[in-house]
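A.B. asks: This is the structure I have questions about; it appears just below.
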Amino acid sequence: MTGNDDVPDSGKQRDLIEATLECIAELGIQGTSVRAVAAKAGVSNGLIRHHFDAKANLILSAYRRTIALITTNSMRELNSTEGPPHTRLRRFIVATLDTPASNARLLSLWATFVSQSRVDPQIAAVREESYLALRRATEPLIAAVLAAEGRRLSVEEVENTTVTVHAMLDGLWIEAGLSQSPEGVERLIALGIHSIEKLLDIRL
């Protein structure tokens, strides 16, 4: 073990997860080994196994970290009760599409994990769990916006509308991640706001 091994567990785990993400970005999931992560983090293989037991657990932790990096700002706005529903929805759209969530590295990591989810049931389960949590957090806001417009939707209608909202934002998020300039992201944010306004027949 190296001198870095005496870092507190929580901090060390974060360091190992970040090293894993760097390896995945460079080598892909299949090329990311415990040895490669250990070399990247400057620690022993044994320390990684102490914290994560197996490579599969390390990869799942790295995926959860990627999801958190992408969704933290969005979830913060969804959980906020500050301001009227229309204002909160606008802030949610901006938080979803704005940097740092919409950067090329995160997009590449997300695409790598999504591709792996087709053959790895554990990654697929984390993906479904995270998407469901985000959708369920969005549904009350969509319902509140429409209620403020005097429109009461059924549970199924709110769910279907929310799925559509996320499908639209997901496509724009991918475009934002591919954008090479802040101006490009700003344009996509404006398109996101306009698209959701048209979908819900509202003004934000």
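Within each chain, counting starts at residue 1; across the structure tokens, chains are named A, B, ... in the order shown, with ligands numbered 1 upward in that order.
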Show which residues sit within 12 Å of Gly28 in chain A, as a ChimeraX atom specification. Count only C-alpha atoms, and ignore same-chain residues fewer than 6 positions away.
C.D. replies: /A:20-22,36,59,108-113,115-116
A.B. asks: Mind writing the picked residues with N, CA and C atoms as a tab-separated table (two decimals), in the first residue's frame?
C.D. replies:
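The result, stored in again-v4.tsv:
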chain	number	residue	atom	x	y	z
A	20	THR	N	-11.88	5.09	-11.48
A	20	THR	CA	-12.60	4.13	-12.33
A	20	THR	C	-13.23	4.82	-13.52
A	21	LEU	N	-13.84	5.98	-13.30
A	21	LEU	CA	-14.45	6.73	-14.40
A	21	LEU	C	-13.40	7.16	-15.42
A	22	GLU	N	-12.24	7.54	-14.93
A	22	GLU	CA	-11.17	7.92	-15.86
A	22	GLU	C	-10.74	6.72	-16.70
A	36	ALA	N	-5.89	-1.73	-13.43
A	36	ALA	CA	-5.84	-0.44	-14.11
A	36	ALA	C	-6.32	0.69	-13.18
A	59	ILE	N	-17.70	-0.98	-10.81
A	59	ILE	CA	-18.34	-0.46	-12.03
A	59	ILE	C	-19.72	0.09	-11.71
A	108	SER	N	-20.12	10.71	-22.99
A	108	SER	CA	-19.40	9.49	-23.38
A	108	SER	C	-19.55	8.40	-22.34
A	109	LEU	N	-19.42	8.76	-21.06
A	109	LEU	CA	-19.59	7.77	-19.99
A	109	LEU	C	-21.01	7.22	-19.98
A	110	TRP	N	-21.97	8.11	-20.10
A	110	TRP	CA	-23.38	7.69	-20.12
A	110	TRP	C	-23.63	6.71	-21.26
A	111	ALA	N	-23.12	7.02	-22.45
A	111	ALA	CA	-23.33	6.15	-23.60
A	111	ALA	C	-22.67	4.79	-23.38
A	112	THR	N	-21.51	4.79	-22.76
A	112	THR	CA	-20.81	3.53	-22.48
A	112	THR	C	-21.63	2.65	-21.55
A	113	PHE	N	-22.16	3.24	-20.49
A	113	PHE	CA	-22.96	2.46	-19.54
A	113	PHE	C	-24.28	2.00	-20.16
A	115	SER	N	-24.84	1.34	-23.28
A	115	SER	CA	-24.52	0.23	-24.16
A	115	SER	C	-24.30	-1.06	-23.37
A	116	GLN	N	-23.61	-0.95	-22.24
A	116	GLN	CA	-23.34	-2.13	-21.42
A	116	GLN	C	-24.61	-2.67	-20.77
A.B. asks: Extract, using only C-alpha atoms, all DNA, RNA and protein residues at most 7 Å from Val145 in chain A, discarding same-chain residues fewer than 4 positions from it, and format them as a PDB file with C-alpha atoms, in the first residue's frame.
C.D. replies:
ATOM      1  CA  PRO A  85     -44.658  25.756 -10.677  1.00  0.00           C
ATOM      2  CA  HIS A  86     -43.978  27.434 -14.044  1.00  0.00           C
ATOM      3  CA  LEU A 141     -44.109  19.324 -10.970  1.00  0.00           C
ATOM      4  CA  GLU A 149     -53.454  26.242 -15.759  1.00  0.00           C
TER       5      GLU A 149
END
A.B. asks: So, counting only C-alpha atoms, which residue among A:Asn103, A:Thr164, A:Gln122, A:Asn73 is closest to Arg91 in chain A?
C.D. replies: A:Asn73
A.B. asks: Would you please extract all alpha helix (DSSP H) residues from range 62-180 of chain A, as assigned by DSSP on the backbone, and give them as JSON, numbers by chain?
C.D. replies: {"A": [62, 63, 64, 65, 66, 67, 68, 69, 70, 71, 72, 73, 74, 75, 76, 77, 78, 79, 85, 86, 87, 88, 89, 90, 91, 92, 93, 94, 95, 96, 97, 104, 105, 106, 107, 108, 109, 110, 111, 112, 113, 114, 115, 116, 117, 121, 122, 123, 124, 125, 126, 127, 128, 129, 130, 131, 132, 133, 134, 135, 136, 137, 138, 139, 140, 141, 142, 143, 144, 145, 146, 147, 148, 155, 156, 157, 158, 159, 160, 161, 162, 163, 164, 165, 166, 167, 168, 169, 170, 171, 172, 173, 174, 175, 176, 177, 178]}
A.B. asks: Using only C-alpha atoms, can you tell me which of A:Met168, A:Leu178, A:Leu89, A:Leu134 comes closest to Ala68 in chain A?
C.D. replies: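 Among the listed residues, the smallest separation from Ala68 in chain A belongs to A:Leu134.
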A.B. asks: So which residues touch Lys40 in chain A within 12 Å, counting only C-alpha atoms, skipping near sequence neighbours fewer than 6 positions away, as a JSON list (two decimals) with N, CA and C atoms, in the first residue's frame?
C.D. replies:
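Writing the result to out_5.json gives the following:
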[["chain", "number", "residue", "atom", "x", "y", "z"],
["A", 15, "ASP", "N", -12.30, 8.68, -4.40],
["A", 15, "ASP", "CA", -11.11, 8.72, -5.26],
["A", 15, "ASP", "C", -11.07, 7.50, -6.18],
["A", 16, "LEU", "N", -11.40, 6.35, -5.64],
["A", 16, "LEU", "CA", -11.37, 5.12, -6.45],
["A", 16, "LEU", "C", -12.44, 5.15, -7.53],
["A", 17, "ILE", "N", -13.60, 5.69, -7.21],
["A", 17, "ILE", "CA", -14.67, 5.80, -8.20],
["A", 17, "ILE", "C", -14.27, 6.76, -9.30],
["A", 18, "GLU", "N", -13.65, 7.89, -8.94],
["A", 18, "GLU", "CA", -13.21, 8.84, -9.95],
["A", 18, "GLU", "C", -12.12, 8.22, -10.84],
["A", 19, "ALA", "N", -11.23, 7.45, -10.23],
["A", 19, "ALA", "CA", -10.20, 6.76, -11.02],
["A", 19, "ALA", "C", -10.84, 5.74, -11.96],
["A", 20, "THR", "N", -11.88, 5.09, -11.48],
["A", 20, "THR", "CA", -12.60, 4.13, -12.33],
["A", 20, "THR", "C", -13.23, 4.82, -13.52],
["A", 21, "LEU", "N", -13.84, 5.98, -13.30],
["A", 21, "LEU", "CA", -14.45, 6.73, -14.40],
["A", 21, "LEU", "C", -13.40, 7.16, -15.42],
["A", 22, "GLU", "N", -12.24, 7.54, -14.93],
["A", 22, "GLU", "CA", -11.17, 7.92, -15.86],
["A", 22, "GLU", "C", -10.74, 6.72, -16.70],
["A", 23, "CYS", "N", -10.65, 5.56, -16.06],
["A", 23, "CYS", "CA", -10.27, 4.34, -16.79],
["A", 23, "CYS", "C", -11.34, 3.97, -17.82],
["A", 24, "ILE", "N", -12.61, 4.05, -17.43],
["A", 24, "ILE", "CA", -13.69, 3.72, -18.36],
["A", 24, "ILE", "C", -13.68, 4.67, -19.54],
["A", 26, "GLU", "N", -11.15, 6.09, -20.82],
["A", 26, "GLU", "CA", -9.99, 5.81, -21.66],
["A", 26, "GLU", "C", -10.02, 4.41, -22.27],
["A", 27, "LEU", "N", -10.49, 3.43, -21.48],
["A", 27, "LEU", "CA", -10.34, 2.02, -21.86],
["A", 27, "LEU", "C", -11.66, 1.30, -22.13],
["A", 32, "THR", "N", -11.38, -1.88, -18.36],
["A", 32, "THR", "CA", -11.13, -1.36, -17.02],
["A", 32, "THR", "C", -11.03, -2.52, -16.04],
["A", 33, "SER", "N", -9.84, -2.73, -15.52],
["A", 33, "SER", "CA", -9.59, -3.81, -14.57],
["A", 33, "SER", "C", -9.27, -3.21, -13.21],
["A", 34, "VAL", "N", -9.30, -4.05, -12.19],
["A", 34, "VAL", "CA", -8.90, -3.61, -10.85],
["A", 34, "VAL", "C", -7.47, -3.10, -10.88],
["A", 48, "ILE", "N", -8.61, -1.73, -3.27],
["A", 48, "ILE", "CA", -9.84, -1.67, -4.06],
["A", 48, "ILE", "C", -10.76, -2.82, -3.67]]
A.B. asks: Which of these, A:Thr162, A:Thr72, A:Ser80, A:Gln30, has the shortest distance to Ala56 in chain A once you count only C-alpha atoms?
C.D. replies: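 When distances to Ala56 in chain A are compared using only C-alpha atoms, the smallest one comes from A:Gln30.
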A.B. asks: So which one's closest to His51 in chain A, A:Thr87, A:Arg64, A:Arg14, A:Ser179? Using only C-alpha atoms, please.
C.D. replies: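 Ranked by minimum distance to His51 in chain A, first place goes to A:Arg14.
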A.B. asks: Given only C-alpha atoms as the basis, pick out the residue of A:His194, A:Arg127, A:Arg152, A:Lys55 nearest to Val37 in chain A.
C.D. replies: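 Going through A:His194, A:Arg127, A:Arg152, A:Lys55 one by one, the smallest distance to Val37 in chain A is for A:Lys55.
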A.B. asks: Report, in Å with one decimal, the straight-line distance from CA of Ala137 in chain A to CA of Gly11 in chain A.
C.D. replies: 28.8 Å
A.B. asks: Do a neighbour search on Ala104 in chain A at 12 Å with only C-alpha atoms, toss out local chain neighbours closer than 6 positions, and write the hits as a VMD selection string.
C.D. replies: chain A and resid 25 70 110 to 111 173 to 181 185
A.B. asks: Using only C-alpha atoms, which residue out of A:Val126, A:Glu77, A:Ala41, A:Pro121 lies closest to Ser61 in chain A?
C.D. replies: A:Val126
